[in-house]
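Asker: My structure is in upload13.csv, and what it holds is CSV, N, CA and C atoms:
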chain,number,residue,atom,x,y,z
A,57,MET,N,-115.3,141.9,139.9
A,57,MET,CA,-116.0,140.7,140.1
A,57,MET,C,-117.4,140.8,139.8
A,58,ILE,N,-118.0,139.9,139.1
A,58,ILE,CA,-119.4,139.9,138.7
A,58,ILE,C,-120.2,139.5,139.9
A,59,GLU,N,-121.3,140.3,140.1
A,59,GLU,CA,-122.2,140.0,141.2
A,59,GLU,C,-123.4,139.2,140.7
A,60,ILE,N,-123.6,138.1,141.4
A,60,ILE,CA,-124.7,137.2,141.1
A,60,ILE,C,-125.9,137.5,142.0
A,61,THR,N,-127.0,137.9,141.5
A,61,THR,CA,-128.2,138.2,142.3
A,61,THR,C,-129.0,136.9,142.6
A,62,HIS,N,-129.5,136.8,143.8
A,62,HIS,CA,-130.3,135.6,144.1
A,62,HIS,C,-131.2,135.9,145.2
A,63,ARG,N,-132.2,135.0,145.4
A,63,ARG,CA,-133.2,135.2,146.4
A,63,ARG,C,-133.7,133.8,146.8
A,64,LEU,N,-134.4,133.8,148.0
A,64,LEU,CA,-135.0,132.5,148.4
A,64,LEU,C,-136.5,132.6,148.1
A,65,ALA,N,-137.1,131.5,147.7
A,65,ALA,CA,-138.5,131.4,147.3
A,65,ALA,C,-139.1,130.2,147.8
A,66,GLY,N,-140.4,130.0,147.6
A,66,GLY,CA,-141.1,128.8,148.0
A,66,GLY,C,-141.7,129.0,149.3
A,67,ARG,N,-142.6,128.0,149.7
A,67,ARG,CA,-143.3,128.1,150.9
A,67,ARG,C,-142.4,128.4,152.1
A,68,ASP,N,-141.3,127.7,152.3
A,68,ASP,CA,-140.5,127.8,153.4
A,68,ASP,C,-139.1,128.4,153.1
A,69,GLU,N,-139.1,129.1,151.9
A,69,GLU,CA,-137.8,129.7,151.5
A,69,GLU,C,-136.7,128.7,151.4
A,70,SER,N,-137.0,127.5,150.9
A,70,SER,CA,-136.0,126.5,150.7
A,70,SER,C,-135.5,126.4,149.3
A,71,ILE,N,-136.0,127.3,148.4
A,71,ILE,CA,-135.6,127.3,147.0
A,71,ILE,C,-134.8,128.5,146.7
A,72,LEU,N,-133.6,128.3,146.2
A,72,LEU,CA,-132.7,129.4,145.8
A,72,LEU,C,-132.9,129.7,144.3
A,73,VAL,N,-133.3,130.9,144.1
A,73,VAL,CA,-133.5,131.4,142.7
A,73,VAL,C,-132.3,132.3,142.3
A,74,VAL,N,-131.5,131.9,141.4
A,74,VAL,CA,-130.3,132.6,141.0
A,74,VAL,C,-130.5,133.2,139.6
A,75,ALA,N,-130.2,134.5,139.4
A,75,ALA,CA,-130.3,135.1,138.1
A,75,ALA,C,-128.9,134.9,137.4
A,76,VAL,N,-129.0,134.2,136.4
A,76,VAL,CA,-127.7,133.9,135.6
A,76,VAL,C,-127.4,135.1,134.8
A,77,PRO,N,-126.2,135.6,134.8
A,77,PRO,CA,-125.8,136.8,134.0
A,77,PRO,C,-125.9,136.6,132.5
A,78,ARG,N,-126.0,137.8,131.9
A,78,ARG,CA,-126.2,137.8,130.4
A,78,ARG,C,-125.2,136.9,129.7
A,79,GLU,N,-123.9,136.9,130.1
A,79,GLU,CA,-122.9,136.1,129.5
A,79,GLU,C,-122.4,135.1,130.6
A,80,LEU,N,-122.7,133.8,130.4
A,80,LEU,CA,-122.2,132.8,131.3
A,80,LEU,C,-120.9,132.3,130.7
A,81,ASN,N,-119.8,132.8,131.2
A,81,ASN,CA,-118.4,132.6,130.6
A,81,ASN,C,-117.4,132.5,131.7
A,82,HIS,N,-116.1,132.6,131.3
A,82,HIS,CA,-115.0,132.5,132.2
A,82,HIS,C,-115.1,133.5,133.3
A,83,GLU,N,-115.7,134.7,133.1
A,83,GLU,CA,-115.8,135.7,134.1
A,83,GLU,C,-116.9,135.5,135.1
A,84,SER,N,-118.0,134.8,134.7
A,84,SER,CA,-119.2,134.7,135.6
A,84,SER,C,-119.3,133.3,136.1
A,85,ALA,N,-118.6,132.3,135.6
A,85,ALA,CA,-118.8,130.9,136.0
A,85,ALA,C,-118.5,130.7,137.5
A,86,GLU,N,-117.4,131.2,137.9
A,86,GLU,CA,-117.0,131.0,139.3
A,86,GLU,C,-117.9,131.7,140.3
A,87,PRO,N,-118.3,133.0,140.0
A,87,PRO,CA,-119.3,133.7,140.9
A,87,PRO,C,-120.6,133.0,140.9
A,88,LEU,N,-121.0,132.4,139.8
A,88,LEU,CA,-122.3,131.6,139.8
A,88,LEU,C,-122.2,130.4,140.7
A,89,ARG,N,-121.1,129.6,140.5
A,89,ARG,CA,-120.9,128.4,141.4
A,89,ARG,C,-120.9,128.8,142.8
A,90,ALA,N,-120.1,129.9,143.1
A,90,ALA,CA,-119.9,130.3,144.5
A,90,ALA,C,-121.3,130.7,145.1
A,91,ALA,N,-122.1,131.4,144.4
A,91,ALA,CA,-123.4,131.9,144.9
A,91,ALA,C,-124.3,130.7,145.2
A,92,VAL,N,-124.3,129.7,144.4
A,92,VAL,CA,-125.1,128.5,144.7
A,92,VAL,C,-124.5,127.8,145.9
A,93,MET,N,-123.3,127.5,145.9
A,93,MET,CA,-122.6,126.8,147.0
A,93,MET,C,-122.8,127.5,148.4
A,94,ARG,N,-122.7,128.8,148.3
A,94,ARG,CA,-122.8,129.6,149.6
A,94,ARG,C,-124.3,129.8,150.0
A,95,SER,N,-125.2,129.8,149.1
A,95,SER,CA,-126.6,130.2,149.5
A,95,SER,C,-127.6,129.1,149.4
A,96,LEU,N,-127.3,127.9,149.0
A,96,LEU,CA,-128.3,126.9,149.0
A,96,LEU,C,-128.7,126.5,150.4
A,97,PRO,N,-130.0,126.6,150.7
A,97,PRO,CA,-130.4,126.3,152.1
A,97,PRO,C,-130.0,124.8,152.4
A,98,ASN,N,-129.6,124.6,153.6
A,98,ASN,CA,-129.1,123.3,154.1
A,98,ASN,C,-130.3,122.7,154.8
A,99,ARG,N,-131.3,122.2,154.0
A,99,ARG,CA,-132.4,121.5,154.6
A,99,ARG,C,-133.1,120.6,153.6
A,100,ASP,N,-133.9,119.7,154.1
A,100,ASP,CA,-134.7,118.8,153.2
A,100,ASP,C,-135.6,119.7,152.3
A,101,GLY,N,-135.7,119.2,151.1
A,101,GLY,CA,-136.6,119.9,150.1
A,101,GLY,C,-136.0,121.2,149.5
A,102,ALA,N,-134.7,121.4,149.7
A,102,ALA,CA,-134.0,122.5,149.1
A,102,ALA,C,-133.9,122.3,147.6
A,103,GLY,N,-133.8,123.4,146.9
A,103,GLY,CA,-133.6,123.3,145.4
A,103,GLY,C,-133.0,124.6,144.9
A,104,VAL,N,-132.6,124.5,143.6
A,104,VAL,CA,-132.0,125.7,143.0
A,104,VAL,C,-132.7,125.9,141.6
A,105,ILE,N,-133.0,127.1,141.4
A,105,ILE,CA,-133.5,127.5,140.1
A,105,ILE,C,-132.6,128.5,139.5
A,106,LEU,N,-132.1,128.1,138.3
A,106,LEU,CA,-131.2,129.1,137.6
A,106,LEU,C,-132.1,129.8,136.6
A,107,ASP,N,-132.3,131.1,136.9
A,107,ASP,CA,-133.2,131.9,136.0
A,107,ASP,C,-132.3,132.4,134.8
A,108,MET,N,-132.6,131.8,133.7
A,108,MET,CA,-131.8,132.1,132.5
A,108,MET,C,-132.4,133.2,131.6
A,109,THR,N,-133.3,134.0,132.1
A,109,THR,CA,-134.1,135.0,131.3
A,109,THR,C,-133.1,135.9,130.5
A,110,GLU,N,-132.1,136.4,131.1
A,110,GLU,CA,-131.2,137.4,130.5
A,110,GLU,C,-130.0,136.8,129.7
A,111,VAL,N,-129.9,135.5,129.7
A,111,VAL,CA,-128.7,134.9,129.1
A,111,VAL,C,-128.7,135.0,127.6
A,112,GLY,N,-127.6,135.5,127.1
A,112,GLY,CA,-127.5,135.7,125.6
A,112,GLY,C,-126.3,134.8,125.1
A,113,LEU,N,-125.4,134.4,126.0
A,113,LEU,CA,-124.2,133.7,125.6
A,113,LEU,C,-123.8,132.7,126.7
A,114,VAL,N,-123.6,131.4,126.3
A,114,VAL,CA,-123.1,130.4,127.2
A,114,VAL,C,-121.8,129.8,126.5
A,115,SER,N,-120.7,130.0,127.1
A,115,SER,CA,-119.4,129.5,126.6
A,115,SER,C,-119.3,128.0,127.1
A,116,SER,N,-118.2,127.4,126.7
A,116,SER,CA,-117.9,126.1,127.1
A,116,SER,C,-117.6,126.1,128.6
A,117,ILE,N,-117.0,127.1,129.1
A,117,ILE,CA,-116.8,127.3,130.6
A,117,ILE,C,-118.1,127.4,131.3
A,118,GLY,N,-119.0,128.1,130.7
A,118,GLY,CA,-120.4,128.3,131.2
A,118,GLY,C,-121.1,127.0,131.3
A,119,ILE,N,-121.0,126.1,130.3
A,119,ILE,CA,-121.6,124.8,130.3
A,119,ILE,C,-121.0,124.0,131.5
A,120,ALA,N,-119.7,124.1,131.6
A,120,ALA,CA,-119.0,123.3,132.7
A,120,ALA,C,-119.6,123.8,134.1
A,121,ALA,N,-119.8,125.1,134.2
A,121,ALA,CA,-120.3,125.7,135.4
A,121,ALA,C,-121.7,125.1,135.7
A,122,LEU,N,-122.6,125.0,134.7
A,122,LEU,CA,-123.9,124.5,134.9
A,122,LEU,C,-123.8,123.0,135.3
A,123,LEU,N,-122.9,122.2,134.7
A,123,LEU,CA,-122.8,120.8,135.1
A,123,LEU,C,-122.2,120.7,136.5
A,124,GLN,N,-121.3,121.6,136.9
A,124,GLN,CA,-120.8,121.6,138.3
A,124,GLN,C,-121.9,122.0,139.3
A,125,VAL,N,-122.7,123.0,139.0
A,125,VAL,CA,-123.8,123.3,139.9
A,125,VAL,C,-124.8,122.1,140.0
A,126,GLN,N,-125.0,121.4,138.9
A,126,GLN,CA,-125.9,120.3,138.9
A,126,GLN,C,-125.3,119.2,139.8
A,127,GLU,N,-124.0,118.9,139.7
A,127,GLU,CA,-123.4,117.9,140.6
A,127,GLU,C,-123.4,118.3,142.0
A,128,PHE,N,-123.2,119.6,142.3
A,128,PHE,CA,-123.3,120.1,143.7
A,128,PHE,C,-124.7,119.8,144.3
A,129,CYS,N,-125.7,120.2,143.5
A,129,CYS,CA,-127.1,120.0,143.9
A,129,CYS,C,-127.4,118.5,144.1
A,130,ARG,N,-127.0,117.7,143.2
A,130,ARG,CA,-127.2,116.2,143.3
A,130,ARG,C,-126.5,115.7,144.6
A,131,ASP,N,-125.3,116.1,144.9
A,131,ASP,CA,-124.6,115.7,146.1
A,131,ASP,C,-125.3,116.0,147.4
A,132,ARG,N,-126.1,117.1,147.3
A,132,ARG,CA,-126.8,117.6,148.5
A,132,ARG,C,-128.3,117.2,148.5
A,133,GLY,N,-128.7,116.4,147.5
A,133,GLY,CA,-130.0,116.0,147.4
A,133,GLY,C,-131.0,117.1,147.1
A,134,ALA,N,-130.5,118.1,146.4
A,134,ALA,CA,-131.3,119.3,146.0
A,134,ALA,C,-131.7,119.2,144.6
A,135,GLY,N,-132.9,119.6,144.2
A,135,GLY,CA,-133.3,119.6,142.8
A,135,GLY,C,-132.7,120.9,142.1
A,136,LEU,N,-132.6,120.8,140.8
A,136,LEU,CA,-132.1,121.9,140.0
A,136,LEU,C,-133.0,122.0,138.8
A,137,VAL,N,-133.4,123.2,138.5
A,137,VAL,CA,-134.3,123.5,137.3
A,137,VAL,C,-133.7,124.7,136.7
A,138,LEU,N,-133.6,124.7,135.3
A,138,LEU,CA,-133.3,125.9,134.6
A,138,LEU,C,-134.6,126.5,134.2
A,139,ALA,N,-134.8,127.8,134.4
A,139,ALA,CA,-136.1,128.4,134.1
A,139,ALA,C,-135.9,129.5,133.1
A,140,SER,N,-136.9,129.7,132.2
A,140,SER,CA,-136.9,130.8,131.3
A,140,SER,C,-135.7,130.8,130.3
A,141,VAL,N,-135.3,129.6,129.8
A,141,VAL,CA,-134.2,129.5,129.0
A,141,VAL,C,-134.5,130.1,127.6
A,142,PRO,N,-133.8,131.1,127.1
A,142,PRO,CA,-134.1,131.7,125.8
A,142,PRO,C,-134.0,130.6,124.7
A,143,GLN,N,-134.7,130.8,123.6
A,143,GLN,CA,-134.8,129.8,122.6
A,143,GLN,C,-133.4,129.5,122.0
A,144,ARG,N,-132.6,130.5,121.9
A,144,ARG,CA,-131.2,130.2,121.3
A,144,ARG,C,-130.4,129.3,122.2
A,145,GLN,N,-130.6,129.5,123.5
A,145,GLN,CA,-129.8,128.7,124.5
A,145,GLN,C,-130.4,127.3,124.6
A,146,GLN,N,-131.7,127.2,124.4
A,146,GLN,CA,-132.4,125.9,124.3
A,146,GLN,C,-131.8,125.1,123.2
A,147,ALA,N,-131.6,125.7,122.0
A,147,ALA,CA,-131.1,125.1,120.8
A,147,ALA,C,-129.6,124.7,121.1
A,148,PHE,N,-128.9,125.5,121.8
A,148,PHE,CA,-127.5,125.2,122.1
A,148,PHE,C,-127.4,124.0,123.0
A,149,LEU,N,-128.2,123.9,124.0
A,149,LEU,CA,-128.2,122.8,124.9
A,149,LEU,C,-128.6,121.5,124.2
A,150,LYS,N,-129.6,121.6,123.3
A,150,LYS,CA,-130.0,120.5,122.5
A,150,LYS,C,-128.9,120.0,121.6
A,151,MET,N,-128.2,120.9,120.9
A,151,MET,CA,-127.1,120.6,120.0
A,151,MET,C,-126.0,119.8,120.8
A,152,LEU,N,-125.8,120.2,122.0
A,152,LEU,CA,-124.8,119.5,122.9
A,152,LEU,C,-125.3,118.3,123.6
A,153,LYS,N,-126.6,118.0,123.3
A,153,LYS,CA,-127.3,116.8,123.9
A,153,LYS,C,-127.4,117.0,125.4
A,154,LEU,N,-127.5,118.2,125.9
A,154,LEU,CA,-127.6,118.5,127.3
A,154,LEU,C,-129.1,118.8,127.6
A,155,ASP,N,-129.9,118.9,126.6
A,155,ASP,CA,-131.3,119.2,126.9
A,155,ASP,C,-132.0,118.1,127.8
A,156,ARG,N,-131.5,116.9,127.7
A,156,ARG,CA,-132.1,115.8,128.5
A,156,ARG,C,-131.5,115.8,129.9
A,157,LYS,N,-130.3,116.4,130.0
A,157,LYS,CA,-129.6,116.4,131.3
A,157,LYS,C,-130.2,117.4,132.3
A,158,PHE,N,-130.8,118.4,131.9
A,158,PHE,CA,-131.3,119.5,132.8
A,158,PHE,C,-132.8,119.5,132.7
A,159,ALA,N,-133.4,119.6,133.9
A,159,ALA,CA,-134.9,119.9,133.9
A,159,ALA,C,-135.1,121.4,133.6
A,160,CYS,N,-136.0,121.7,132.8
A,160,CYS,CA,-136.3,123.0,132.3
A,160,CYS,C,-137.8,123.4,132.5
A,161,GLU,N,-138.1,124.6,132.8
A,161,GLU,CA,-139.4,125.1,132.9
A,161,GLU,C,-139.5,126.5,132.2
A,162,ALA,N,-140.7,126.8,131.7
A,162,ALA,CA,-140.8,128.0,131.0
A,162,ALA,C,-140.7,129.3,131.8
A,163,ALA,N,-141.0,129.2,133.1
A,163,ALA,CA,-141.0,130.4,134.0
A,163,ALA,C,-140.5,130.0,135.4
A,164,VAL,N,-140.0,131.0,136.1
A,164,VAL,CA,-139.5,130.7,137.5
A,164,VAL,C,-140.6,130.2,138.4
A,165,GLU,N,-141.8,130.7,138.3
A,165,GLU,CA,-142.9,130.3,139.1
A,165,GLU,C,-143.2,128.8,138.9
A,166,THR,N,-143.2,128.3,137.6
A,166,THR,CA,-143.5,126.9,137.4
A,166,THR,C,-142.3,126.1,137.9
A,167,ALA,N,-141.1,126.6,137.8
A,167,ALA,CA,-140.0,125.8,138.4
A,167,ALA,C,-140.1,125.7,139.9
A,168,ILE,N,-140.5,126.8,140.5
A,168,ILE,CA,-140.7,126.7,142.0
A,168,ILE,C,-141.8,125.6,142.3
A,169,SER,N,-142.9,125.6,141.6
A,169,SER,CA,-143.9,124.6,141.8
A,169,SER,C,-143.4,123.2,141.6
A,170,ARG,N,-142.6,123.0,140.6
A,170,ARG,CA,-142.0,121.7,140.3
A,170,ARG,C,-141.1,121.2,141.4
A,171,LEU,N,-140.3,122.1,141.9
A,171,LEU,CA,-139.4,121.7,143.0
A,171,LEU,C,-140.2,121.5,144.3
A,172,GLN,N,-141.2,122.2,144.5
A,172,GLN,CA,-142.0,122.0,145.8
A,172,GLN,C,-142.8,120.7,145.7
A,173,GLN,N,-143.1,120.2,144.5
A,173,GLN,CA,-143.8,119.0,144.4
A,173,GLN,C,-142.8,117.8,144.4
A,174,GLY,N,-141.5,118.1,144.4
A,174,GLY,CA,-140.5,117.1,144.5
A,174,GLY,C,-140.2,116.4,143.2
A,175,SER,N,-140.6,117.0,142.0
A,175,SER,CA,-140.3,116.3,140.7
A,175,SER,C,-138.9,116.5,140.3
Represent the structure of the file as structure tokens.
Answerer:
Amino acid sequence: MIEITHRLAGRDESILVVAVPRELNHESAEPLRAAVMRSLPNRDGAGVILDMTEVGLVSSIGIAALLQVQEFCRDRGAGLVLASVPQRQQAFLKMLKLDRKFACEAAVETAISRLQQGS
């Protein structure tokens, strides 16, 4: 099973930062969803940052996982930001017209600031 690394960040550690694996596919989609569902702080102002720095491949199952994580966050009133999305993956999201569906930031630190401001 693929291990998903994550940490808590922000002023009161209400922001979950999850390192998305190099390949977001059928093998890593469920561990990613489970990590978010299990580790999202249950409090006001909580949020999730998916750190996409290492991502080289996103399959259709990976896209579905991103959408499911987004729905989970929305249901709990938590913000979601994709951070450090590689250019190739940005182009892929744009091609699928998903670039408007996800909030994105150039770096994890700016994503943390965005979530703490409530944007």
Asker: Neighbours of range 155-170 of chain A within 6 Å (only N, CA and C atoms; same-chain residues fewer than 2 positions away dropped), as a ChimeraX atom specification?
Answerer: /A:136-141,149-150,152-153,172-175
Asker: Can you measure CA of Ala102 in chain A to CA of Glu86 in chain A for me? One decimal in Å is fine.
Answerer: 21.4 Å
Asker: Here is a test: counting only C-alpha atoms, which residue of A:Pro87, A:Pro97, A:Gly133, A:Pro142 is nearest to Ala121 in chain A?
Answerer: A:Pro87
Asker: For a test of reading the model, state the distance in Å between atom C of Val125 in chain A and atom C of Val73 in chain A, rounded to one decimal.
Answerer: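 Going from atom C of Val125 in chain A over to atom C of Val73 in chain A, I get 12.9 Å.
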Asker: Counting only N, CA and C atoms, which residue out of A:Leu154, A:Ala134, A:Ile60, A:Asp68 sits closest to Val104 in chain A?
Answerer: A:Ala134
Asker: Choose the residue, out of A:Asp100, A:Glu79, A:Glu59, A:Asp107, that has the smallest atom-to-atom separation from Ile119 in chain A; count only C-alpha atoms.
Answerer: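 Of A:Asp100, A:Glu79, A:Glu59, A:Asp107, the one nearest Ile119 in chain A, counting only C-alpha atoms, is A:Glu79.
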Asker: Go ahead and compute the interatomic distance for CA of Ser70 in chain A and CA of Gly103 in chain A, in Å to one decimal.
Answerer: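 The value is 6.6 Å.
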Asker: Enumerate as a list in words all residues of chain A assigned to strand (DSSP E or B) by DSSP on the backbone, naming them with the chain letters and numbers the document uses.
Answerer: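 Everything in chain A that counts as strand (DSSP E or B) is His62, Arg63, Leu64, Ala65, Ile71, Leu72, Val73, Val74, Ala75, Glu79, Leu80, Gly103, Val104, Ile105, Leu106, Asp107, Leu113, Val114, Gly135, Leu136, Val137, Leu138, Ala139, Ala159, Cys160 and Glu161 of chain A.
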Asker: Quick one: DSSP helix (DSSP H, G or I) residues in range 63-172 of chain A, as JSON, numbers by chain?
Answerer: {"A": [85, 86, 87, 88, 89, 90, 91, 92, 93, 94, 95, 116, 117, 118, 119, 120, 121, 122, 123, 124, 125, 126, 127, 128, 129, 130, 131, 143, 144, 145, 146, 147, 148, 149, 150, 151, 164, 165, 166, 167, 168, 169, 170, 171, 172]}
Asker: With N, CA and C atoms retained, write the just-selected residues as a compact mmCIF listing (two decimals), in the frame of the given file.
Answerer:
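So the final result, stored in part-v7.txt, reads:
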# COMPACT_ATOMS: atom_id res chain seq x y z
N ALA A 85 -118.60 132.30 135.60
CA ALA A 85 -118.80 130.90 136.00
C ALA A 85 -118.50 130.70 137.50
N GLU A 86 -117.40 131.20 137.90
CA GLU A 86 -117.00 131.00 139.30
C GLU A 86 -117.90 131.70 140.30
N PRO A 87 -118.30 133.00 140.00
CA PRO A 87 -119.30 133.70 140.90
C PRO A 87 -120.60 133.00 140.90
N LEU A 88 -121.00 132.40 139.80
CA LEU A 88 -122.30 131.60 139.80
C LEU A 88 -122.20 130.40 140.70
N ARG A 89 -121.10 129.60 140.50
CA ARG A 89 -120.90 128.40 141.40
C ARG A 89 -120.90 128.80 142.80
N ALA A 90 -120.10 129.90 143.10
CA ALA A 90 -119.90 130.30 144.50
C ALA A 90 -121.30 130.70 145.10
N ALA A 91 -122.10 131.40 144.40
CA ALA A 91 -123.40 131.90 144.90
C ALA A 91 -124.30 130.70 145.20
N VAL A 92 -124.30 129.70 144.40
CA VAL A 92 -125.10 128.50 144.70
C VAL A 92 -124.50 127.80 145.90
N MET A 93 -123.30 127.50 145.90
CA MET A 93 -122.60 126.80 147.00
C MET A 93 -122.80 127.50 148.40
N ARG A 94 -122.70 128.80 148.30
CA ARG A 94 -122.80 129.60 149.60
C ARG A 94 -124.30 129.80 150.00
N SER A 95 -125.20 129.80 149.10
CA SER A 95 -126.60 130.20 149.50
C SER A 95 -127.60 129.10 149.40
N SER A 116 -118.20 127.40 126.70
CA SER A 116 -117.90 126.10 127.10
C SER A 116 -117.60 126.10 128.60
N ILE A 117 -117.00 127.10 129.10
CA ILE A 117 -116.80 127.30 130.60
C ILE A 117 -118.10 127.40 131.30
N GLY A 118 -119.00 128.10 130.70
CA GLY A 118 -120.40 128.30 131.20
C GLY A 118 -121.10 127.00 131.30
N ILE A 119 -121.00 126.10 130.30
CA ILE A 119 -121.60 124.80 130.30
C ILE A 119 -121.00 124.00 131.50
N ALA A 120 -119.70 124.10 131.60
CA ALA A 120 -119.00 123.30 132.70
C ALA A 120 -119.60 123.80 134.10
N ALA A 121 -119.80 125.10 134.20
CA ALA A 121 -120.30 125.70 135.40
C ALA A 121 -121.70 125.10 135.70
N LEU A 122 -122.60 125.00 134.70
CA LEU A 122 -123.90 124.50 134.90
C LEU A 122 -123.80 123.00 135.30
N LEU A 123 -122.90 122.20 134.70
CA LEU A 123 -122.80 120.80 135.10
C LEU A 123 -122.20 120.70 136.50
N GLN A 124 -121.30 121.60 136.90
CA GLN A 124 -120.80 121.60 138.30
C GLN A 124 -121.90 122.00 139.30
N VAL A 125 -122.70 123.00 139.00
CA VAL A 125 -123.80 123.30 139.90
C VAL A 125 -124.80 122.10 140.00
N GLN A 126 -125.00 121.40 138.90
CA GLN A 126 -125.90 120.30 138.90
C GLN A 126 -125.30 119.20 139.80
N GLU A 127 -124.00 118.90 139.70
CA GLU A 127 -123.40 117.90 140.60
C GLU A 127 -123.40 118.30 142.00
N PHE A 128 -123.20 119.60 142.30
CA PHE A 128 -123.30 120.10 143.70
C PHE A 128 -124.70 119.80 144.30
N CYS A 129 -125.70 120.20 143.50
CA CYS A 129 -127.10 120.00 143.90
C CYS A 129 -127.40 118.50 144.10
N ARG A 130 -127.00 117.70 143.20
CA ARG A 130 -127.20 116.20 143.30
C ARG A 130 -126.50 115.70 144.60
N ASP A 131 -125.30 116.10 144.90
CA ASP A 131 -124.60 115.70 146.10
C ASP A 131 -125.30 116.00 147.40
N GLN A 143 -134.70 130.80 123.60
CA GLN A 143 -134.80 129.80 122.60
C GLN A 143 -133.40 129.50 122.00
N ARG A 144 -132.60 130.50 121.90
CA ARG A 144 -131.20 130.20 121.30
C ARG A 144 -130.40 129.30 122.20
N GLN A 145 -130.60 129.50 123.50
CA GLN A 145 -129.80 128.70 124.50
C GLN A 145 -130.40 127.30 124.60
N GLN A 146 -131.70 127.20 124.40
CA GLN A 146 -132.40 125.90 124.30
C GLN A 146 -131.80 125.10 123.20
N ALA A 147 -131.60 125.70 122.00
CA ALA A 147 -131.10 125.10 120.80
C ALA A 147 -129.60 124.70 121.10
N PHE A 148 -128.90 125.50 121.80
CA PHE A 148 -127.50 125.20 122.10
C PHE A 148 -127.40 124.00 123.00
N LEU A 149 -128.20 123.90 124.00
CA LEU A 149 -128.20 122.80 124.90
C LEU A 149 -128.60 121.50 124.20
N LYS A 150 -129.60 121.60 123.30
CA LYS A 150 -130.00 120.50 122.50
C LYS A 150 -128.90 120.00 121.60
N MET A 151 -128.20 120.90 120.90
CA MET A 151 -127.10 120.60 120.00
C MET A 151 -126.00 119.80 120.80
N VAL A 164 -140.00 131.00 136.10
CA VAL A 164 -139.50 130.70 137.50
C VAL A 164 -140.60 130.20 138.40
N GLU A 165 -141.80 130.70 138.30
CA GLU A 165 -142.90 130.30 139.10
C GLU A 165 -143.20 128.80 138.90
N THR A 166 -143.20 128.30 137.60
CA THR A 166 -143.50 126.90 137.40
C THR A 166 -142.30 126.10 137.90
N ALA A 167 -141.10 126.60 137.80
CA ALA A 167 -140.00 125.80 138.40
C ALA A 167 -140.10 125.70 139.90
N ILE A 168 -140.50 126.80 140.50
CA ILE A 168 -140.70 126.70 142.00
C ILE A 168 -141.80 125.60 142.30
N SER A 169 -142.90 125.60 141.60
CA SER A 169 -143.90 124.60 141.80
C SER A 169 -143.40 123.20 141.60
N ARG A 170 -142.60 123.00 140.60
CA ARG A 170 -142.00 121.70 140.30
C ARG A 170 -141.10 121.20 141.40
N LEU A 171 -140.30 122.10 141.90
CA LEU A 171 -139.40 121.70 143.00
C LEU A 171 -140.20 121.50 144.30
N GLN A 172 -141.20 122.20 144.50
CA GLN A 172 -142.00 122.00 145.80
C GLN A 172 -142.80 120.70 145.70
Asker: Out of A:Leu123, A:Leu171, A:Ile58, A:Cys129, which residue has the shortest atom-to-atom distance to Arg78 in chain A when counting only C-alpha atoms?
Answerer: A:Ile58
Asker: Given the choices A:Met151, A:Glu127, A:Ala65, A:Val76, which gets closest to Val111 in chain A if the distance is worked out from only N, CA and C atoms?
Answerer: A:Val76
